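Visitor: This is protein.txt (compact mmCIF, C-alpha atoms).
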# COMPACT_ATOMS: atom_id res chain seq x y z
CA MET A 1 -25.00 -7.09 -28.41
CA VAL A 2 -22.13 -8.72 -26.52
CA SER A 3 -23.25 -10.41 -23.33
CA ALA A 4 -22.29 -13.19 -20.96
CA ALA A 5 -24.57 -15.42 -23.02
CA ASN A 6 -21.89 -15.37 -25.71
CA ARG A 7 -19.46 -17.10 -23.40
CA LYS A 8 -19.00 -20.78 -24.11
CA PRO A 9 -19.82 -23.40 -21.46
CA PHE A 10 -16.96 -23.74 -18.96
CA GLN A 11 -15.01 -21.01 -20.75
CA GLY A 12 -13.52 -19.74 -17.50
CA VAL A 13 -12.03 -22.99 -16.28
CA LEU A 14 -11.02 -24.04 -19.79
CA ASN A 15 -9.10 -20.79 -20.16
CA ILE A 16 -7.26 -21.56 -16.94
CA LEU A 17 -6.27 -24.96 -18.32
CA ARG A 18 -5.38 -23.53 -21.74
CA PHE A 19 -3.22 -20.69 -20.46
CA ASN A 20 -1.56 -22.66 -17.65
CA TRP A 21 -1.21 -26.06 -19.32
CA HIS A 22 2.52 -26.20 -18.44
CA PHE A 23 1.63 -26.20 -14.73
CA TYR A 24 -0.85 -29.03 -15.14
CA ALA A 25 1.63 -30.95 -17.31
CA MET A 26 4.18 -30.73 -14.50
CA ALA A 27 1.56 -31.81 -11.98
CA PHE A 28 0.65 -34.81 -14.16
CA GLY A 29 4.35 -35.68 -14.41
CA ALA A 30 4.65 -35.50 -10.63
CA LEU A 31 1.66 -37.81 -10.29
CA LEU A 32 3.23 -40.35 -12.63
CA LEU A 33 6.50 -40.19 -10.72
CA LEU A 34 4.77 -40.66 -7.38
CA TRP A 35 2.76 -43.57 -8.75
CA ALA A 36 5.86 -45.26 -10.20
CA VAL A 37 7.88 -44.89 -6.99
CA GLY A 38 4.93 -45.98 -4.88
CA HIS A 39 4.30 -48.99 -7.13
CA TYR A 40 7.83 -50.29 -6.71
CA THR A 41 8.27 -49.45 -3.03
CA ALA A 42 4.74 -50.28 -1.88
CA LEU A 43 4.92 -47.47 0.67
CA TRP A 44 1.61 -45.96 1.77
CA PHE A 45 3.14 -42.47 1.80
CA PHE A 46 3.12 -42.23 -1.98
CA ASP A 47 -0.56 -43.14 -2.27
CA PHE A 48 -1.26 -40.45 0.32
CA ALA A 49 0.81 -37.88 -1.60
CA ILE A 50 -1.01 -38.75 -4.83
CA GLY A 51 -4.37 -38.27 -3.12
CA ILE A 52 -3.34 -34.89 -1.73
CA LEU A 53 -2.05 -33.64 -5.09
CA VAL A 54 -5.15 -34.81 -6.95
CA ALA A 55 -7.38 -33.16 -4.33
CA VAL A 56 -5.47 -29.86 -4.53
CA LEU A 57 -5.73 -29.75 -8.33
CA ALA A 58 -9.38 -30.78 -8.36
CA ILE A 59 -10.45 -28.28 -5.69
CA SER A 60 -8.71 -25.36 -7.42
CA LEU A 61 -10.38 -26.17 -10.73
CA VAL A 62 -13.80 -26.71 -9.17
CA VAL A 63 -13.59 -23.38 -7.32
CA SER A 64 -12.44 -21.59 -10.47
CA CYS A 65 -15.28 -23.15 -12.44
CA TYR A 66 -17.73 -22.02 -9.75
CA ILE A 67 -16.40 -18.44 -9.74
CA TYR A 68 -16.03 -17.86 -13.48
CA ASP A 69 -18.65 -20.17 -14.97
CA PHE A 70 -21.50 -20.67 -12.50
CA THR A 71 -21.92 -17.48 -10.45
CA GLY A 72 -23.01 -15.32 -13.37
CA PHE A 73 -20.05 -13.00 -12.79
CA TYR A 74 -19.83 -12.08 -16.46
CA THR A 75 -23.47 -11.05 -16.62
CA LEU A 76 -22.31 -8.08 -14.52
CA ASP A 77 -25.64 -8.23 -12.67
CA TRP A 78 -23.69 -7.76 -9.43
CA LEU A 79 -23.22 -4.13 -10.51
CA ASP A 80 -26.90 -3.54 -9.73
CA ALA A 81 -26.03 -3.52 -6.04
CA MET A 82 -23.11 -1.13 -6.48
CA PRO A 83 -23.63 2.64 -5.96
CA ILE A 84 -22.20 3.76 -9.28
CA GLY A 85 -25.36 5.15 -10.87
CA ASN A 86 -25.44 5.57 -14.63
CA PRO A 87 -21.90 6.67 -15.52
CA LYS A 88 -21.27 8.71 -18.65
CA LYS A 89 -17.51 8.27 -18.79
CA ILE A 90 -15.99 4.88 -17.95
CA ILE A 91 -12.39 3.77 -17.90
CA ASN A 92 -11.66 0.05 -17.79
CA ILE A 93 -8.07 -0.88 -16.95
CA ASN A 94 -6.63 -4.34 -17.56
CA ALA A 95 -3.29 -6.08 -17.26
CA GLY A 96 -3.02 -7.69 -20.67
CA PHE A 97 -6.13 -9.89 -20.64
CA ASP A 98 -9.49 -8.21 -21.14
CA GLU A 99 -12.74 -10.13 -20.81
CA THR A 100 -14.90 -7.27 -19.56
CA SER A 101 -14.69 -4.20 -21.81
CA ALA A 102 -17.22 -5.45 -24.36
CA LEU A 103 -19.53 -6.50 -21.53
CA LEU A 104 -19.25 -3.13 -19.79
CA GLN A 105 -19.92 -1.26 -23.02
CA ALA A 106 -23.00 -3.39 -23.62
CA ARG A 107 -24.22 -2.75 -20.08
CA PHE A 108 -23.65 1.01 -20.33
CA PRO A 109 -24.35 1.66 -24.02
CA GLU A 110 -24.66 5.43 -23.58
CA ALA A 111 -21.35 5.75 -21.76
CA GLU A 112 -18.11 6.85 -23.35
CA MET A 113 -15.61 4.12 -22.51
CA THR A 114 -11.83 4.18 -22.65
CA VAL A 115 -9.86 0.96 -22.25
CA LEU A 116 -6.33 1.07 -20.86
CA ASP A 117 -3.86 -1.82 -20.78
CA PHE A 118 -0.79 -1.55 -18.54
CA TYR A 119 0.69 -4.87 -19.66
CA ASP A 120 4.47 -4.60 -19.90
CA PRO A 121 6.28 -7.67 -21.31
CA GLU A 122 9.42 -6.61 -19.45
CA LYS A 123 7.64 -6.80 -16.09
CA HIS A 124 4.76 -9.17 -16.70
CA THR A 125 6.64 -12.23 -17.84
CA GLU A 126 3.97 -14.83 -17.00
CA VAL A 127 3.59 -17.14 -19.98
CA SER A 128 -0.13 -17.46 -19.19
CA ILE A 129 -0.73 -13.78 -20.03
CA LYS A 130 1.17 -14.14 -23.30
CA ARG A 131 -1.02 -17.10 -24.26
CA ALA A 132 -4.18 -15.23 -23.25
CA ARG A 133 -3.22 -12.24 -25.42
CA LYS A 134 -2.79 -14.51 -28.42
CA LYS A 135 -6.19 -16.10 -27.87
CA TYR A 136 -8.06 -12.86 -27.06
CA PRO A 137 -6.95 -9.76 -29.00
CA PRO A 138 -7.23 -6.39 -27.22
CA TYR A 139 -10.56 -4.56 -27.24
CA PRO A 140 -10.75 -2.11 -30.18
CA ARG A 141 -8.92 1.17 -29.54
CA THR A 142 -7.33 -0.10 -26.33
CA VAL A 143 -4.60 2.29 -25.23
CA ALA A 144 -1.30 0.87 -23.99
CA VAL A 145 -0.17 2.77 -20.90
CA GLU A 146 2.34 2.59 -18.08
CA THR A 147 1.27 2.20 -14.47
CA ARG A 148 3.04 5.49 -13.74
CA ASN A 149 1.31 7.39 -16.53
CA LEU A 150 -2.26 6.62 -17.61
CA THR A 151 -2.19 9.33 -20.32
CA ILE A 152 -5.70 10.54 -19.40
CA LYS A 153 -6.67 14.10 -18.45
CA ASP A 154 -7.38 14.95 -14.82
CA GLY A 155 -10.86 14.37 -13.42
CA VAL A 156 -12.57 12.98 -16.50
CA SER A 157 -13.94 9.61 -15.35
CA ASN A 158 -17.10 8.82 -13.43
CA VAL A 159 -16.06 5.20 -12.83
CA VAL A 160 -12.76 3.35 -13.17
CA PHE A 161 -13.00 -0.44 -13.31
CA LEU A 162 -10.13 -2.62 -12.11
CA ILE A 163 -11.36 -6.18 -12.53
CA PHE A 164 -8.83 -8.86 -11.54
CA ALA A 165 -6.04 -6.57 -12.79
CA ALA A 166 -4.50 -4.46 -10.02
CA HIS A 167 -2.82 -7.39 -8.24
CA GLU A 168 -0.57 -7.85 -11.27
CA ILE A 169 1.33 -4.77 -10.03
CA ARG A 170 3.55 -6.65 -7.59
CA ASP A 171 5.71 -3.78 -6.34
CA PHE A 172 4.15 -1.82 -3.48
CA LYS A 173 5.61 1.55 -4.48
CA GLU A 174 4.46 1.05 -8.05
CA SER A 175 0.96 0.26 -6.75
CA LEU A 176 0.96 3.53 -4.81
CA ILE A 177 1.89 5.48 -7.92
CA PHE A 178 -0.67 3.61 -10.02
CA PHE A 179 -3.53 4.37 -7.62
CA ALA A 180 -2.41 8.00 -7.48
CA GLU A 181 -2.87 8.04 -11.25
CA VAL A 182 -6.29 6.39 -10.96
CA ARG A 183 -7.30 8.99 -8.37
CA ARG A 184 -6.10 11.77 -10.63
CA ILE A 185 -8.34 10.77 -13.53
CA LEU A 186 -11.48 10.46 -11.35
CA ASP A 187 -13.91 13.34 -11.15
CA ALA A 188 -14.87 14.70 -7.71
CA GLN A 189 -17.68 12.16 -7.23
CA GLY A 190 -15.94 9.39 -9.16
CA LYS A 191 -15.68 5.79 -7.99
CA ILE A 192 -13.25 2.93 -8.45
CA VAL A 193 -14.67 -0.58 -8.77
CA LEU A 194 -11.87 -2.91 -7.65
CA VAL A 195 -12.55 -6.65 -7.99
CA GLU A 196 -9.99 -9.02 -6.49
CA HIS A 197 -9.29 -12.31 -4.82
CA LEU A 198 -7.74 -11.82 -1.38
CA ARG A 199 -4.94 -13.61 0.39
CA ASP A 200 -7.27 -15.14 2.95
CA TRP A 201 -8.39 -18.53 4.24
CA PRO A 202 -11.01 -19.29 1.57
CA ASN A 203 -8.49 -18.64 -1.21
CA PHE A 204 -5.82 -20.65 0.62
CA LEU A 205 -8.20 -23.61 0.89
CA ALA A 206 -9.02 -23.22 -2.80
CA TYR A 207 -5.58 -22.53 -4.27
CA THR A 208 -3.08 -23.49 -1.50
CA VAL A 209 0.23 -21.70 -2.22
CA GLY A 210 -1.38 -20.05 -5.25
CA PHE A 211 -3.10 -17.66 -2.85
CA PHE A 212 0.24 -15.82 -2.49
CA HIS A 213 -0.45 -14.33 -5.94
CA PHE A 214 -3.23 -12.32 -4.30
CA PHE A 215 -2.83 -9.52 -1.77
CA PRO A 216 -4.26 -9.35 1.77
CA LYS A 217 -7.00 -6.84 2.46
CA SER A 218 -4.59 -4.85 4.65
CA ARG A 219 -2.37 -4.09 1.64
CA TRP A 220 -5.31 -2.72 -0.34
CA HIS A 221 -6.25 -0.56 2.65
CA LYS A 222 -2.72 0.89 2.83
CA ILE A 223 -2.58 1.67 -0.89
CA ILE A 224 -6.04 3.21 -0.93
CA GLU A 225 -5.67 5.32 2.20
CA ALA A 226 -2.18 6.57 1.23
CA ASN A 227 -3.71 8.10 -1.90
CA GLY A 228 -6.49 10.03 -0.21
CA LEU A 229 -9.04 7.44 -1.23
CA LYS A 230 -11.73 5.81 0.89
CA ILE A 231 -13.29 2.38 0.79
CA ALA A 232 -17.00 3.14 0.66
CA SER A 233 -18.03 -0.53 0.74
CA VAL A 234 -16.69 -4.05 0.42
CA ASN A 235 -18.98 -6.73 -0.97
CA LYS A 236 -18.40 -10.46 -1.25
CA LEU A 237 -19.32 -11.68 -4.70
CA THR A 238 -18.36 -15.19 -3.60
CA PRO A 239 -16.38 -16.49 -0.60
CA PHE A 240 -13.33 -16.12 -2.86
CA THR A 241 -13.87 -12.75 -4.56
CA HIS A 242 -14.55 -9.25 -3.26
CA VAL A 243 -15.54 -5.96 -4.85
CA PHE A 244 -14.33 -2.71 -3.30
CA ILE A 245 -16.12 0.54 -4.07
CA ILE A 246 -13.58 3.32 -3.59
CA THR A 247 -14.15 7.07 -3.53
CA LYS A 248 -12.06 10.19 -3.10
CA ASN A 249 -11.47 11.27 0.48
CA GLY A 250 -9.56 14.51 0.78
CA ASN A 251 -5.96 14.96 -0.30
CA PRO A 252 -3.44 12.13 -0.61
CA SER A 253 -0.93 11.91 2.20
Using the file provided, produce a representation of the structure as structure tokens.

Guide:
Amino acid sequence: MVSAANRKPFQGVLNILRFNWHFYAMAFGALLLLWAVGHYTALWFFDFAIGILVAVLAISLVVSCYIYDFTGFYTLDWLDAMPIGNPKKIININAGFDETSALLQARFPEAEMTVLDFYDPEKHTEVSIKRARKKYPPYPRTVAVETRNLTIKDGVSNVVFLIFAAHEIRDFKESLIFFAEVRRILDAQGKIVLVEHLRDWPNFLAYTVGFFHFFPKSRWHKIIEANGLKIASVNKLTPFTHVFIITKNGNPS
């Protein structure tokens, strides 16, 4: 059985370093440049700048290690507190990098699970995703889809999982269409489990300008409410990550 126990020590933070090594190489180059200039000018400013840059890099990696390697996130035990019952039909949607389908199938062995991947190399040009896809092949029988067409029949899913994936849809209108599709494939009592970082103070303190890659809670509210969906609950998994439980709520506007 696949479980979080199969994950290697520090796999989360090591993946971040592996898939984003170009960023850390540039940061190391900047540190060398600052050190060299500071060494020859003897100005205190450069020592200060080096300290700030080292602190920013260290904090982001420590926080990532905490979230992905020390909170037990990949045990999926946090689902025990979520009102999703014992679903029979699950859809797990990812954006090109899937660490959860095997874990979800192991947690719900009796459920029929469909895995959808909306990765589009024309839109999702981040080199980190390309590297991740080479390292981790898609889950067996993963279906490639478009955000505008999930190729699933209406009302068939008890639960749709969106785990660190939906924020990769950067365009607001495209997000509206995507969530309309997710709503369409839910049954009447179906639920969406949306797990995301937010563009908030904790994530700013952890990732500085990197927090702009996440969306504020207000944007998620707009997308959800515009599609006749309702946020049933919001739970903090950590100060940096939230899980939204979303249900149907009448007709989309």

Visitor: Name the closest residue to Val54 (chain A) among the candidates A:Ala36, A:Arg141, A:Phe28, A:Thr151; distances are taken between atoms, counting only C-alpha atoms.

Guide: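 Counting only C-alpha atoms, the residue closest to Val54 (chain A) is A:Phe28.
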
Visitor: Considering only C-alpha atoms, return as a PDB file with C-alpha atoms, in the coordinates of the input whatever protein or nucleic-acid residues lie within 9 Å of Phe118 (chain A), sequence-local ones (same chain, fewer than 4 positions apart) excluded.

Guide:
ATOM      1  CA  ILE A  93      -8.070  -0.880 -16.950  1.00  0.00           C
ATOM      2  CA  ASN A  94      -6.630  -4.340 -17.560  1.00  0.00           C
ATOM      3  CA  ALA A  95      -3.290  -6.080 -17.260  1.00  0.00           C
ATOM      4  CA  GLY A  96      -3.020  -7.690 -20.670  1.00  0.00           C
ATOM      5  CA  VAL A 143      -4.600   2.290 -25.230  1.00  0.00           C
ATOM      6  CA  ALA A 144      -1.300   0.870 -23.990  1.00  0.00           C
ATOM      7  CA  VAL A 145      -0.170   2.770 -20.900  1.00  0.00           C
ATOM      8  CA  GLU A 146       2.340   2.590 -18.080  1.00  0.00           C
ATOM      9  CA  THR A 147       1.270   2.200 -14.470  1.00  0.00           C
ATOM     10  CA  LEU A 150      -2.260   6.620 -17.610  1.00  0.00           C
TER      11      LEU A 150
END

Visitor: Which neighbours of region 177-181 of chain A fall inside 7 Å, counting all atoms listed in the file, when residues of the same chain fewer than 3 positions from it are skipped, and could you give them as a list in words?

Guide: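 Once the nearby chain positions are removed, what remains is Thr147, Arg148, Asn149, Leu150, Lys173, Glu174, Arg184, Ile185 and Asn227 of chain A.
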
Visitor: Could you jot down the CA of Asp171 (chain A) to CA of Pro140 (chain A) separation for me, Å, one decimal place?

Guide: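 Taking CA of Asp171 (chain A) as the start and CA of Pro140 (chain A) as the end point, the length is 29.0 Å.
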
Visitor: So how many Å separate CA of Ala49 (chain A) and CA of Val37 (chain A), to one decimal?

Guide: 11.3 Å

Visitor: Counting all atoms listed in the file, select every polymer residue within 12 Å of (1.2, -9.9, -3.2) as defined in the file's coordinates, and provide the selection as a PyMOL selection string.

Guide: chain A and resi 166-172+175+196-200+209-220

Visitor: Tell me, as a count of residues only, which residues lie within 7 Å of Val159 (chain A), counting all atoms listed in the file; anything in the same chain fewer than 4 positions away does not count.

Guide: 7

Visitor: Quick one: of A:Ile50, A:Ala132, A:Leu32, A:Val56, who's nearest to Leu14 (chain A), counting all atoms listed in the file?

Guide: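 Counting all atoms listed in the file, the residue closest to Leu14 (chain A) is A:Ala132.
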
Visitor: From the list A:Leu186, A:Pro138, A:Glu112, A:Ser128, which residue is nearest Ile152 (chain A) when using only C-alpha atoms?

Guide: A:Leu186

Visitor: Go through A:Leu31, A:Arg107, A:Leu116, A:Ile223 and flag the residue nearest Trp78 (chain A), using all atoms listed in the file for the distances.

Guide: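 Answer, going by the shortest atom-to-atom distance: A:Arg107.
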
Visitor: Would you mind telling me which residue in A:Ala25, A:Leu176, A:Phe161, A:Gly38 lies nearest to Lys222 (chain A) when using all atoms listed in the file?

Guide: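 Among the listed residues, the smallest separation from Lys222 (chain A) belongs to A:Leu176.
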
Visitor: I'd like the interatomic distance between CA of Lys123 (chain A) and CA of Tyr74 (chain A), to a tenth of an Å.

Guide: 28.0 Å

Visitor: Using all atoms listed in the file, which residue out of A:Ala111, A:Leu237, A:Val13, A:Leu43 lies closest to Ser64 (chain A)?

Guide: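 Ranked by minimum distance to Ser64 (chain A), first place goes to A:Val13.
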
Visitor: Would you kindly return, as number ranges by chain, each protein, DNA or RNA residue with an atom no farther than 12 Å from any atom of Phe70 (chain A), considering all atoms listed in the file and excluding same-chain residues fewer than 4 positions away?

Guide: A: 4, 7-13, 62-66, 74-75, 238

Visitor: Next, dump the selected residues to file, keeping only C-alpha atoms, as a PDB file, in the coordinates of the input.

Guide:
ATOM      1  CA  ALA A   4     -22.290 -13.190 -20.960  1.00  0.00           C
ATOM      2  CA  ARG A   7     -19.460 -17.100 -23.400  1.00  0.00           C
ATOM      3  CA  LYS A   8     -19.000 -20.780 -24.110  1.00  0.00           C
ATOM      4  CA  PRO A   9     -19.820 -23.400 -21.460  1.00  0.00           C
ATOM      5  CA  PHE A  10     -16.960 -23.740 -18.960  1.00  0.00           C
ATOM      6  CA  GLN A  11     -15.010 -21.010 -20.750  1.00  0.00           C
ATOM      7  CA  GLY A  12     -13.520 -19.740 -17.500  1.00  0.00           C
ATOM      8  CA  VAL A  13     -12.030 -22.990 -16.280  1.00  0.00           C
ATOM      9  CA  VAL A  62     -13.800 -26.710  -9.170  1.00  0.00           C
ATOM     10  CA  VAL A  63     -13.590 -23.380  -7.320  1.00  0.00           C
ATOM     11  CA  SER A  64     -12.440 -21.590 -10.470  1.00  0.00           C
ATOM     12  CA  CYS A  65     -15.280 -23.150 -12.440  1.00  0.00           C
ATOM     13  CA  TYR A  66     -17.730 -22.020  -9.750  1.00  0.00           C
ATOM     14  CA  TYR A  74     -19.830 -12.080 -16.460  1.00  0.00           C
ATOM     15  CA  THR A  75     -23.470 -11.050 -16.620  1.00  0.00           C
ATOM     16  CA  THR A 238     -18.360 -15.190  -3.600  1.00  0.00           C
TER      17      THR A 238
END

Visitor: Give me the residues within 8 Å of region 233-236 of chain A as a PyMOL selection string, counting all atoms listed in the file and dropping any in the same chain fewer than 6 places off.

Guide: chain A and resi 242-246

Visitor: Edge lengths and centre in Å to one decimal, as AutoDock Vina command-line options, of the axis-aligned box that encloses all listed atoms of region 82-87 of chain A with 8 Å added on every side?

Guide:
--center_x -23.7 --center_y 2.8 --center_z -10.7 --size_x 19.5 --size_y 23.8 --size_z 25.6

Visitor: Give me region 69-97 of chain A with N, CA and C atoms filled in, as a short mmCIF file (atom, residue, chain, number, x, y, z; two decimals), in the coordinates of the input.

Guide:
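The new file part04.cif reads:
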data_model
loop_
_atom_site.label_atom_id
_atom_site.label_comp_id
_atom_site.auth_asym_id
_atom_site.auth_seq_id
_atom_site.Cartn_x
_atom_site.Cartn_y
_atom_site.Cartn_z
N ASP A 69 -17.70 -19.56 -14.05
CA ASP A 69 -18.65 -20.17 -14.97
C ASP A 69 -20.06 -20.36 -14.39
N PHE A 70 -20.20 -20.35 -13.07
CA PHE A 70 -21.50 -20.67 -12.50
C PHE A 70 -22.10 -19.58 -11.62
N THR A 71 -21.36 -18.54 -11.31
CA THR A 71 -21.92 -17.48 -10.45
C THR A 71 -22.59 -16.37 -11.25
N GLY A 72 -22.46 -16.41 -12.56
CA GLY A 72 -23.01 -15.32 -13.37
C GLY A 72 -22.18 -14.05 -13.29
N PHE A 73 -20.91 -14.19 -12.93
CA PHE A 73 -20.05 -13.00 -12.79
C PHE A 73 -20.05 -12.16 -14.05
N TYR A 74 -19.97 -12.81 -15.21
CA TYR A 74 -19.83 -12.08 -16.46
C TYR A 74 -21.15 -11.54 -17.00
N THR A 75 -22.24 -11.77 -16.29
CA THR A 75 -23.47 -11.05 -16.62
C THR A 75 -23.38 -9.60 -16.13
N LEU A 76 -22.48 -9.39 -15.17
CA LEU A 76 -22.31 -8.08 -14.52
C LEU A 76 -23.55 -7.64 -13.73
N ASP A 77 -24.45 -8.58 -13.45
CA ASP A 77 -25.64 -8.23 -12.67
C ASP A 77 -25.27 -7.77 -11.25
N TRP A 78 -24.11 -8.18 -10.76
CA TRP A 78 -23.69 -7.76 -9.43
C TRP A 78 -23.49 -6.24 -9.35
N LEU A 79 -23.36 -5.59 -10.51
CA LEU A 79 -23.22 -4.13 -10.51
C LEU A 79 -24.50 -3.43 -10.07
N ASP A 80 -25.63 -4.14 -10.15
CA ASP A 80 -26.90 -3.54 -9.73
C ASP A 80 -26.86 -3.10 -8.27
N ALA A 81 -26.09 -3.82 -7.47
CA ALA A 81 -26.03 -3.52 -6.04
C ALA A 81 -24.94 -2.51 -5.70
N MET A 82 -24.21 -2.05 -6.70
CA MET A 82 -23.11 -1.13 -6.48
C MET A 82 -23.56 0.32 -6.71
N PRO A 83 -23.17 1.25 -5.85
CA PRO A 83 -23.63 2.64 -5.96
C PRO A 83 -22.83 3.44 -6.99
N ILE A 84 -22.96 3.05 -8.25
CA ILE A 84 -22.20 3.76 -9.28
C ILE A 84 -23.11 4.52 -10.23
N GLY A 85 -24.42 4.39 -10.05
CA GLY A 85 -25.36 5.15 -10.87
C GLY A 85 -25.30 4.78 -12.34
N ASN A 86 -25.46 5.78 -13.19
CA ASN A 86 -25.44 5.57 -14.63
C ASN A 86 -24.29 6.40 -15.22
N PRO A 87 -23.08 5.88 -15.14
CA PRO A 87 -21.90 6.67 -15.52
C PRO A 87 -21.90 7.05 -16.99
N LYS A 88 -21.36 8.23 -17.27
CA LYS A 88 -21.27 8.71 -18.65
C LYS A 88 -19.87 8.51 -19.22
N LYS A 89 -18.88 8.48 -18.34
CA LYS A 89 -17.51 8.27 -18.79
C LYS A 89 -16.87 7.17 -17.95
N ILE A 90 -16.54 6.07 -18.61
CA ILE A 90 -15.99 4.88 -17.95
C ILE A 90 -14.57 4.64 -18.45
N ILE A 91 -13.72 4.24 -17.52
CA ILE A 91 -12.39 3.77 -17.90
C ILE A 91 -12.22 2.37 -17.34
N ASN A 92 -11.89 1.43 -18.20
CA ASN A 92 -11.66 0.05 -17.79
C ASN A 92 -10.18 -0.24 -17.99
N ILE A 93 -9.52 -0.65 -16.92
CA ILE A 93 -8.07 -0.88 -16.95
C ILE A 93 -7.79 -2.36 -16.77
N ASN A 94 -6.99 -2.93 -17.66
CA ASN A 94 -6.63 -4.34 -17.56
C ASN A 94 -5.13 -4.52 -17.59
N ALA A 95 -4.71 -5.76 -17.34
CA ALA A 95 -3.29 -6.08 -17.26
C ALA A 95 -2.91 -7.07 -18.35
N GLY A 96 -3.42 -6.84 -19.55
CA GLY A 96 -3.02 -7.69 -20.67
C GLY A 96 -4.04 -8.70 -21.12
N PHE A 97 -5.08 -8.93 -20.30
CA PHE A 97 -6.13 -9.89 -20.64
C PHE A 97 -7.46 -9.25 -20.30
#
